[in-house]
$ cat data_0.cif   # mmCIF, C-alpha atoms
data_my_file
loop_
_atom_site.label_atom_id
_atom_site.label_comp_id
_atom_site.auth_asym_id
_atom_site.auth_seq_id
_atom_site.Cartn_x
_atom_site.Cartn_y
_atom_site.Cartn_z
CA MET A 1242 -10.19 14.18 35.91
CA ASN A 1243 -8.64 10.74 35.81
CA PRO A 1244 -5.08 10.66 34.43
CA PRO A 1245 -4.75 9.14 30.94
CA ARG A 1246 -3.93 5.45 30.93
CA ARG A 1247 -0.46 4.52 29.77
CA PRO A 1248 -0.71 2.66 26.43
CA ARG A 1249 0.09 -1.07 26.50
CA PHE A 1250 2.20 -2.20 23.63
CA PRO A 1251 0.25 -5.26 22.45
CA LEU A 1252 -2.94 -3.20 22.15
CA ALA A 1253 -1.17 -0.37 20.34
CA LEU A 1254 0.57 -2.62 17.86
CA GLU A 1255 -2.48 -4.80 17.20
CA ARG A 1256 -4.41 -1.80 16.01
CA VAL A 1257 -1.71 -1.06 13.48
CA HIS A 1258 -0.63 -4.56 12.58
CA GLY A 1259 -3.55 -6.92 13.01
CA ASP A 1260 -1.65 -9.79 11.40
CA HIS A 1261 0.92 -9.79 14.24
CA ARG A 1262 -1.52 -10.41 17.12
CA ALA A 1263 -0.24 -13.87 17.79
CA SER A 1264 3.37 -12.79 18.09
CA ALA A 1265 2.50 -9.62 20.05
CA GLY A 1266 1.19 -11.70 22.94
CA ARG A 1267 4.05 -14.23 22.94
CA LEU A 1268 6.94 -13.75 25.35
CA LEU A 1269 10.14 -13.95 23.36
CA ARG A 1270 13.38 -15.21 24.85
CA PRO A 1271 15.97 -12.41 25.02
CA GLN A 1272 18.52 -12.69 22.25
CA ARG A 1273 22.27 -12.21 22.63
CA PRO A 1274 22.34 -8.39 22.07
CA LEU A 1275 19.85 -7.84 24.89
CA GLN A 1276 21.57 -10.29 27.22
CA GLN A 1277 24.89 -8.55 26.63
CA ALA A 1278 23.35 -5.13 27.26
CA LEU A 1279 21.85 -6.35 30.52
CA ARG A 1280 25.21 -7.74 31.64
CA ASP A 1281 26.97 -4.51 30.71
CA ALA A 1282 24.43 -2.38 32.53
CA THR A 1283 24.68 -4.41 35.75
CA ARG A 1284 28.48 -4.48 36.00
CA GLN A 1285 28.36 -1.41 38.23
CA ASP A 1286 27.13 -2.63 41.62
CA MET A 1287 26.84 0.69 43.42
CA PRO A 1288 24.66 3.62 42.29
CA THR A 1289 26.43 6.78 41.17
CA GLY A 1290 25.52 10.47 41.21
CA LEU A 1291 22.06 10.97 42.67
CA GLY A 1292 21.42 7.27 43.20
CA LEU A 1293 18.46 7.11 40.83
CA ASP A 1294 20.81 7.25 37.85
CA SER A 1295 22.17 3.76 38.56
CA ALA A 1296 22.13 0.81 36.17
CA ALA A 1297 19.58 -1.00 38.33
CA VAL A 1298 17.08 1.85 37.99
CA ARG A 1299 17.58 1.89 34.22
CA LEU A 1300 16.97 -1.84 34.01
CA ARG A 1301 13.77 -1.52 36.02
CA MET A 1302 12.54 0.98 33.43
CA VAL A 1303 13.32 -1.52 30.67
CA GLU A 1304 11.57 -4.34 32.51
CA ARG A 1305 8.46 -2.18 32.92
CA LEU A 1306 8.43 -1.60 29.16
CA ARG A 1307 8.84 -5.33 28.56
CA ALA A 1308 5.98 -6.06 30.97
CA ASP A 1309 3.81 -3.62 29.01
CA GLY A 1310 4.45 -5.68 25.88
CA LEU A 1311 7.56 -4.31 24.16
CA ARG A 1312 9.02 -7.28 22.29
CA GLN A 1313 11.75 -5.77 20.10
CA ASP A 1314 14.97 -7.11 21.59
CA ALA A 1315 17.13 -4.56 19.77
CA VAL A 1316 15.09 -1.68 21.19
CA LEU A 1317 15.18 -3.17 24.69
CA ALA A 1318 18.95 -3.56 24.41
CA ALA A 1319 19.40 0.07 23.32
CA LEU A 1320 17.22 1.34 26.17
CA SER A 1321 19.27 -0.78 28.57
CA ALA A 1322 22.54 0.66 27.33
CA VAL A 1323 21.82 4.40 26.93
CA GLU A 1324 21.79 6.43 30.15
CA ARG A 1325 18.76 8.71 29.93
CA HIS A 1326 19.78 10.72 33.00
CA ARG A 1327 22.78 12.09 31.08
CA PHE A 1328 20.42 13.84 28.64
CA VAL A 1329 18.36 15.80 31.18
CA ASP A 1330 19.18 18.56 33.62
CA THR A 1331 20.90 17.37 36.79
CA ALA A 1332 17.97 18.62 38.85
CA LEU A 1333 15.68 16.19 36.99
CA ALA A 1334 18.01 13.18 37.06
CA ASN A 1335 15.95 11.50 39.79
CA GLN A 1336 13.00 11.41 37.37
CA ALA A 1337 14.95 10.24 34.32
CA TYR A 1338 13.73 6.64 34.43
CA GLU A 1339 10.11 7.35 35.21
CA ASP A 1340 7.68 7.04 32.32
CA THR A 1341 7.25 10.74 31.91
CA SER A 1342 8.31 13.52 29.56
CA LEU A 1343 10.67 16.11 31.02
CA PRO A 1344 11.48 19.71 30.07
CA ILE A 1345 14.80 20.28 28.31
CA GLY A 1346 14.47 24.04 27.94
CA HIS A 1347 13.33 26.37 25.14
CA GLY A 1348 9.77 25.03 25.35
CA GLN A 1349 10.84 21.51 24.35
CA THR A 1350 10.67 18.15 26.13
CA ILE A 1351 12.31 14.74 26.13
CA SER A 1352 9.59 12.21 25.29
CA LYS A 1353 8.35 9.51 27.66
CA PRO A 1354 10.40 6.29 27.43
CA SER A 1355 7.29 4.31 26.52
CA VAL A 1356 6.54 6.62 23.57
CA VAL A 1357 10.14 6.55 22.32
CA ALA A 1358 10.19 2.76 22.61
CA ARG A 1359 6.88 2.37 20.79
CA MET A 1360 7.97 4.56 17.88
CA LEU A 1361 11.28 2.71 17.52
CA ALA A 1362 9.49 -0.63 17.67
CA LEU A 1363 7.09 0.48 14.95
CA LEU A 1364 10.04 1.50 12.76
CA PHE A 1365 11.55 -1.96 13.20
CA GLU A 1366 8.43 -3.57 11.77
CA GLY A 1367 8.89 -1.83 8.42
CA ARG A 1368 9.85 -3.86 5.37
CA SER A 1369 13.36 -2.47 5.02
CA ALA A 1370 14.21 -2.81 8.72
CA ALA A 1371 12.92 -6.39 8.82
CA ALA A 1372 15.09 -7.29 5.83
CA GLN A 1373 18.25 -5.58 7.13
CA GLY A 1374 17.86 -6.31 10.82
CA SER A 1375 18.56 -2.61 11.34
CA LEU A 1376 16.89 0.75 10.78
CA GLY A 1377 19.41 1.44 8.00
CA CYS A 1378 19.87 5.11 7.16
CA VAL A 1379 17.70 7.21 9.50
CA LEU A 1380 16.40 10.77 9.38
CA GLU A 1381 15.46 12.09 12.83
CA VAL A 1382 13.51 15.35 12.91
CA GLY A 1383 13.96 17.06 16.26
CA THR A 1384 17.26 16.18 17.90
CA GLY A 1385 16.22 17.78 21.16
CA CYS A 1386 18.57 16.75 23.95
CA GLY A 1387 20.08 13.93 21.86
CA TYR A 1388 18.68 10.94 23.77
CA GLN A 1389 16.77 9.40 20.88
CA ALA A 1390 19.72 9.97 18.54
CA ALA A 1391 21.88 7.98 20.97
CA LEU A 1392 19.35 5.15 20.84
CA LEU A 1393 19.17 5.30 17.04
CA LEU A 1394 22.94 4.97 16.78
CA ARG A 1395 22.61 1.51 18.34
CA LEU A 1396 19.83 0.54 15.95
CA ALA A 1397 20.85 2.01 12.60
CA ARG A 1398 23.71 2.18 10.11
CA ARG A 1399 23.70 5.99 9.86
CA VAL A 1400 21.73 8.73 11.61
CA LEU A 1401 21.07 12.25 10.33
CA SER A 1402 19.40 14.32 13.05
CA ILE A 1403 18.04 17.84 12.51
CA GLU A 1404 17.28 20.42 15.20
CA ARG A 1405 15.87 23.88 14.44
CA LEU A 1406 16.88 25.47 17.78
CA GLU A 1407 20.58 26.27 17.82
CA ALA A 1408 20.84 26.13 21.61
CA LEU A 1409 19.52 22.55 21.67
CA HIS A 1410 21.62 21.63 18.66
CA ARG A 1411 24.78 22.73 20.49
CA THR A 1412 23.76 20.91 23.67
CA ALA A 1413 23.18 17.70 21.71
CA GLN A 1414 26.59 18.09 20.07
CA GLU A 1415 28.21 18.18 23.50
CA ARG A 1416 26.26 15.24 24.87
CA LEU A 1417 26.86 13.10 21.81
CA SER A 1418 30.49 14.09 21.32
CA ALA A 1419 31.78 10.72 22.53
CA CYS A 1420 29.81 8.75 19.94
CA ARG A 1421 30.00 11.04 16.94
CA GLY A 1422 31.70 9.97 13.73
CA ASP A 1423 30.77 8.89 10.25
CA ALA A 1424 27.63 7.18 11.56
CA LEU A 1425 26.09 10.36 13.01
CA ARG A 1426 25.57 13.84 11.67
CA LEU A 1427 23.83 16.60 13.62
CA VAL A 1428 22.37 19.45 11.57
CA HIS A 1429 21.06 22.83 12.67
CA GLY A 1430 18.25 23.40 10.21
CA ASP A 1431 14.58 23.24 9.27
CA GLY A 1432 13.38 19.71 9.84
CA ARG A 1433 10.31 20.18 7.67
CA VAL A 1434 12.49 20.06 4.55
CA GLY A 1435 14.40 16.98 5.68
CA HIS A 1436 17.98 16.59 4.44
CA PRO A 1437 18.19 15.71 0.72
CA PRO A 1438 21.97 15.04 0.60
CA TRP A 1439 21.58 11.85 2.65
CA ALA A 1440 18.27 10.74 1.10
CA PRO A 1441 16.68 8.31 0.59
CA TYR A 1442 16.11 7.19 4.18
CA ASP A 1443 15.13 3.69 5.25
CA SER A 1444 13.56 5.11 8.41
CA ILE A 1445 12.22 8.55 9.33
CA ILE A 1446 11.13 9.50 12.85
CA ALA A 1447 9.85 12.87 14.06
CA ALA A 1448 9.59 14.30 17.57
CA ALA A 1449 7.15 17.09 16.65
CA GLY A 1450 3.72 17.07 15.06
CA GLY A 1451 2.00 19.29 12.52
CA ASP A 1452 -1.33 19.38 10.68
CA ALA A 1453 0.06 17.08 7.96
CA LEU A 1454 3.25 15.28 7.03
CA PRO A 1455 5.65 17.52 5.09
CA PRO A 1456 5.92 16.40 1.45
CA ALA A 1457 9.73 16.43 1.72
CA TRP A 1458 9.63 13.59 4.25
CA LEU A 1459 7.53 11.42 1.95
CA GLU A 1460 9.78 12.16 -1.02
CA GLN A 1461 12.94 11.32 0.95
CA LEU A 1462 11.57 8.02 2.28
CA ALA A 1463 13.13 5.06 0.47
CA ILE A 1464 11.05 2.37 -1.21
CA GLY A 1465 10.58 -0.25 1.47
CA GLY A 1466 11.13 2.40 4.15
CA ARG A 1467 8.89 3.45 7.01
CA LEU A 1468 8.07 6.81 8.60
CA VAL A 1469 6.65 7.26 12.11
CA ALA A 1470 5.54 10.72 13.24
CA PRO A 1471 2.80 12.49 15.22
CA VAL A 1472 0.16 14.33 13.21
CA HIS A 1473 -2.79 16.48 14.27
CA ASP A 1474 -6.04 14.50 14.50
CA ASN A 1475 -9.08 16.49 13.42
CA ASP A 1476 -11.52 14.17 15.18
CA SER A 1477 -9.98 14.37 18.65
CA GLY A 1478 -8.26 17.72 18.34
CA GLY A 1479 -5.06 16.10 19.61
CA GLN A 1480 -2.34 14.13 17.88
CA THR A 1481 -1.97 10.54 16.75
CA LEU A 1482 1.02 8.55 15.60
CA VAL A 1483 1.01 8.03 11.85
CA VAL A 1484 2.85 5.14 10.21
CA VAL A 1485 3.72 5.52 6.53
CA ASP A 1486 5.16 2.71 4.41
CA ARG A 1487 6.48 3.36 0.93
CA ASP A 1488 6.45 0.62 -1.69
CA GLU A 1489 6.68 0.47 -5.44
CA ALA A 1490 3.06 1.57 -5.76
CA GLY A 1491 3.34 4.62 -3.51
CA TRP A 1492 2.67 5.45 0.15
CA ARG A 1493 0.35 3.66 2.57
CA THR A 1494 -0.69 5.51 5.74
CA ARG A 1495 -2.15 4.18 8.97
CA ARG A 1496 -2.95 5.84 12.28
CA CYS A 1497 -1.91 4.45 15.63
CA ASP A 1498 -2.30 5.73 19.21
CA ALA A 1499 -2.97 9.15 20.65
CA VAL A 1500 0.20 11.03 21.64
CA HIS A 1501 1.26 14.51 22.66
CA PHE A 1502 4.29 16.20 21.08
CA VAL A 1503 5.42 19.78 20.68
CA PRO A 1504 4.24 21.51 17.47
CA LEU A 1505 6.20 21.07 14.28
CA GLU A 1506 7.50 24.50 13.23
CA SER A 1507 9.35 25.70 10.18
CA GLY A 1508 12.58 27.66 9.98
CA ARG A 1509 15.40 27.68 12.47
CA ARG A 1510 16.56 29.96 15.26
#
$ encode --input "data_0.cif" --output "structure tokens"
Amino acid sequence: MNPPRRPRFPLALERVHGDHRASAGRLLRPQRPLQQALRDATRQDMPTGLGLDSAAVRLRMVERLRADGLRQDAVLAALSAVERHRFVDTALANQAYEDTSLPIGHGQTISKPSVVARMLALLFEGRSAAAQGSLGCVLEVGTGCGYQAALLLRLARRVLSIERLEALHRTAQERLSACRGDALRLVHGDGRVGHPPWAPYDSIIAAAGGDALPPAWLEQLAIGGRLVAPVHDNDSGGQTLVVVDRDEAGWRTRRCDAVHFVPLESGRR
């Protein structure tokens, strides 16, 4: 069986946002935040640790994503700045910047960089994010190892991240200890019910997929906000990314590309 083809960003985004085809194919000049991130990431000349965790390897990952069509400078800058190898087991550090998902224990995985980047880019195209230049107040369902939360902190005003597995929740607390504060709250709880105390959310992103979107997520999405999450696809039997925009008239839902995430489960343990 031939391996599945890696999605290319312009094709993925055109299917969701047909009115942005012209801009999707246009190479944008890096803006100041990305240029600064690239300079910061290349200050260290010599690799550290296992060698493949160096800044140069991280930047090659970012350039691959750019070559595949990622055009959100803020997302590129965040991916340039956050060290993915620090969020995986040391034995897997030499694979941290490959475009692959990796096990993080307890039957969970850290998503492929291309999938994380695509979901963040889709969030940035929402009405609220476009107006603010930021993802605003974010609800993340599925903290996992904490990598995506670290990216969100560079893209949002506040991040509330929920993890149902206590062991992963504690690991994420340790890995994110240096950047925690008023802007980030990590919660051990049932992600299906969201987190009403911080609602409404300008952006909601989920790292697990169920048969349908939980009603609590839709209710906690702010007017003008956007939700991106995997949902079971009855036609293919797999999962697809679903993009939900909320406006004054209600919720509008569109389907994007095929993806593969762990199942969305209720409760906590």
$ residues_around --input "data_0.cif" --residues "Trp1492 of chain A" --least-positions-apart "3" --cutoff "10 Å" --atoms "all atoms listed in the file" --output "ChimeraX atom specification"
/A:1459-1460,1462,1464-1467,1485-1489
$ resolve_selection --input "data_0.cif" --expression "the PyMOL selection byres ((chain A and resi 1362) around 9)" --output "list in words"
Leu1311, Arg1312, Gln1313, Ala1315, Val1316, Val1357, Ala1358, Arg1359, Met1360, Leu1361, Leu1363, Leu1364, Phe1365 and Glu1366 of chain A
$ resolve_selection --input "data_0.cif" --expression "the PyMOL selection byres ((chain A and resi 1429) around 7)" --output "list in words"
Ile1403, Glu1404, Arg1405, Glu1407, His1410, Leu1427, Val1428 and Gly1430 of chain A
$ residues_around --input "data_0.cif" --residues "Lys1353 of chain A" --least-positions-apart "2" --cutoff "8 Å" --atoms "only C-alpha atoms" --output "MDAnalysis selection string"
chainID A and resid 1340:1343 1351 1355:1357
$ resolve_selection --input "data_0.cif" --expression "the PyMOL selection byres ((chain A and resi 1402) around 10)" --output "ChimeraX atom specification"
/A:1379-1385,1387,1389-1390,1393,1399-1401,1403-1404,1410,1425-1430,1432,1435-1436,1445-1447
$ atom_distance --input "data_0.cif" --atom1 "atom CA of Leu1406 of chain A" --atom2 "atom CA of Ser1418 of chain A"
18.1 Å
$ atom_distance --input "data_0.cif" --atom1 "atom CA of Ala1371 of chain A" --atom2 "atom CA of Val1484 of chain A"
15.4 Å
$ axis_aligned_box --input "data_0.cif" --around "segment 1468-1485 of chain A" --padding-each-side "8 Å" --output "lines of an AutoDock Vina configuration file"
center_x = -1.7
center_y = 11.4
center_z = 13.1
size_x = 35.6
size_y = 28.6
size_z = 29.1
$ atom_distance --input "data_0.cif" --atom1 "atom CA of Ser1321 of chain A" --atom2 "atom CA of Gly1374 of chain A"
18.6 Å
$ closest_residue --input "data_0.cif" --among "A:Ala1319, A:Ala1308, A:Val1472, A:Ser1295" --to "Ala1337 of chain A" --atoms "only C-alpha atoms"
A:Ser1295
$ residues_near_point --input "data_0.cif" --point "(-6.9, 7.1, 17.8)" --cutoff "10 Å" --atoms "all atoms listed in the file" --output "PDB file with C-alpha atoms, in the coordinates of the input"
ATOM      1  CA  ALA A1253      -1.170  -0.370  20.340  1.00  0.00           C
ATOM      2  CA  ARG A1256      -4.410  -1.800  16.010  1.00  0.00           C
ATOM      3  CA  ASP A1474      -6.040  14.500  14.500  1.00  0.00           C
ATOM      4  CA  ASP A1476     -11.520  14.170  15.180  1.00  0.00           C
ATOM      5  CA  SER A1477      -9.980  14.370  18.650  1.00  0.00           C
ATOM      6  CA  GLY A1479      -5.060  16.100  19.610  1.00  0.00           C
ATOM      7  CA  GLN A1480      -2.340  14.130  17.880  1.00  0.00           C
ATOM      8  CA  THR A1481      -1.970  10.540  16.750  1.00  0.00           C
ATOM      9  CA  LEU A1482       1.020   8.550  15.600  1.00  0.00           C
ATOM     10  CA  VAL A1483       1.010   8.030  11.850  1.00  0.00           C
ATOM     11  CA  ARG A1496      -2.950   5.840  12.280  1.00  0.00           C
ATOM     12  CA  CYS A1497      -1.910   4.450  15.630  1.00  0.00           C
ATOM     13  CA  ASP A1498      -2.300   5.730  19.210  1.00  0.00           C
ATOM     14  CA  ALA A1499      -2.970   9.150  20.650  1.00  0.00           C
ATOM     15  CA  VAL A1500       0.200  11.030  21.640  1.00  0.00           C
TER      16      VAL A1500
END
$ residues_around --input "data_0.cif" --residues "Gly1450 of chain A" --least-positions-apart "6" --cutoff "7 Å" --atoms "all atoms listed in the file" --output "list in words"
Ala1470, Pro1471, Val1472, His1473, Phe1502, Val1503, Pro1504 and Leu1505 of chain A
$ closest_residue --input "data_0.cif" --among "A:Leu1409, A:Val1323, A:Cys1378, A:Ala1391" --to "Asp1443 of chain A" --atoms "only C-alpha atoms"
A:Cys1378
$ residues_around --input "data_0.cif" --residues "Ile1345 of chain A" --least-positions-apart "4" --cutoff "10 Å" --atoms "all atoms listed in the file" --output "number ranges by chain"
A: 1328-1330, 1333, 1349-1351, 1385-1386, 1409
$ residues_near_point --input "data_0.cif" --point "(23.7, 13.0, 28.0)" --cutoff "7 Å" --atoms "only C-alpha atoms" --output "list in words"
Arg1325, His1326, Arg1327, Phe1328, Val1329, Tyr1388, Arg1416 and Leu1417 of chain A
$ closest_residue --input "data_0.cif" --among "A:Arg1433, A:Pro1438, A:Ala1318, A:Thr1412" --to "Ala1457 of chain A" --atoms "only C-alpha atoms"
A:Arg1433
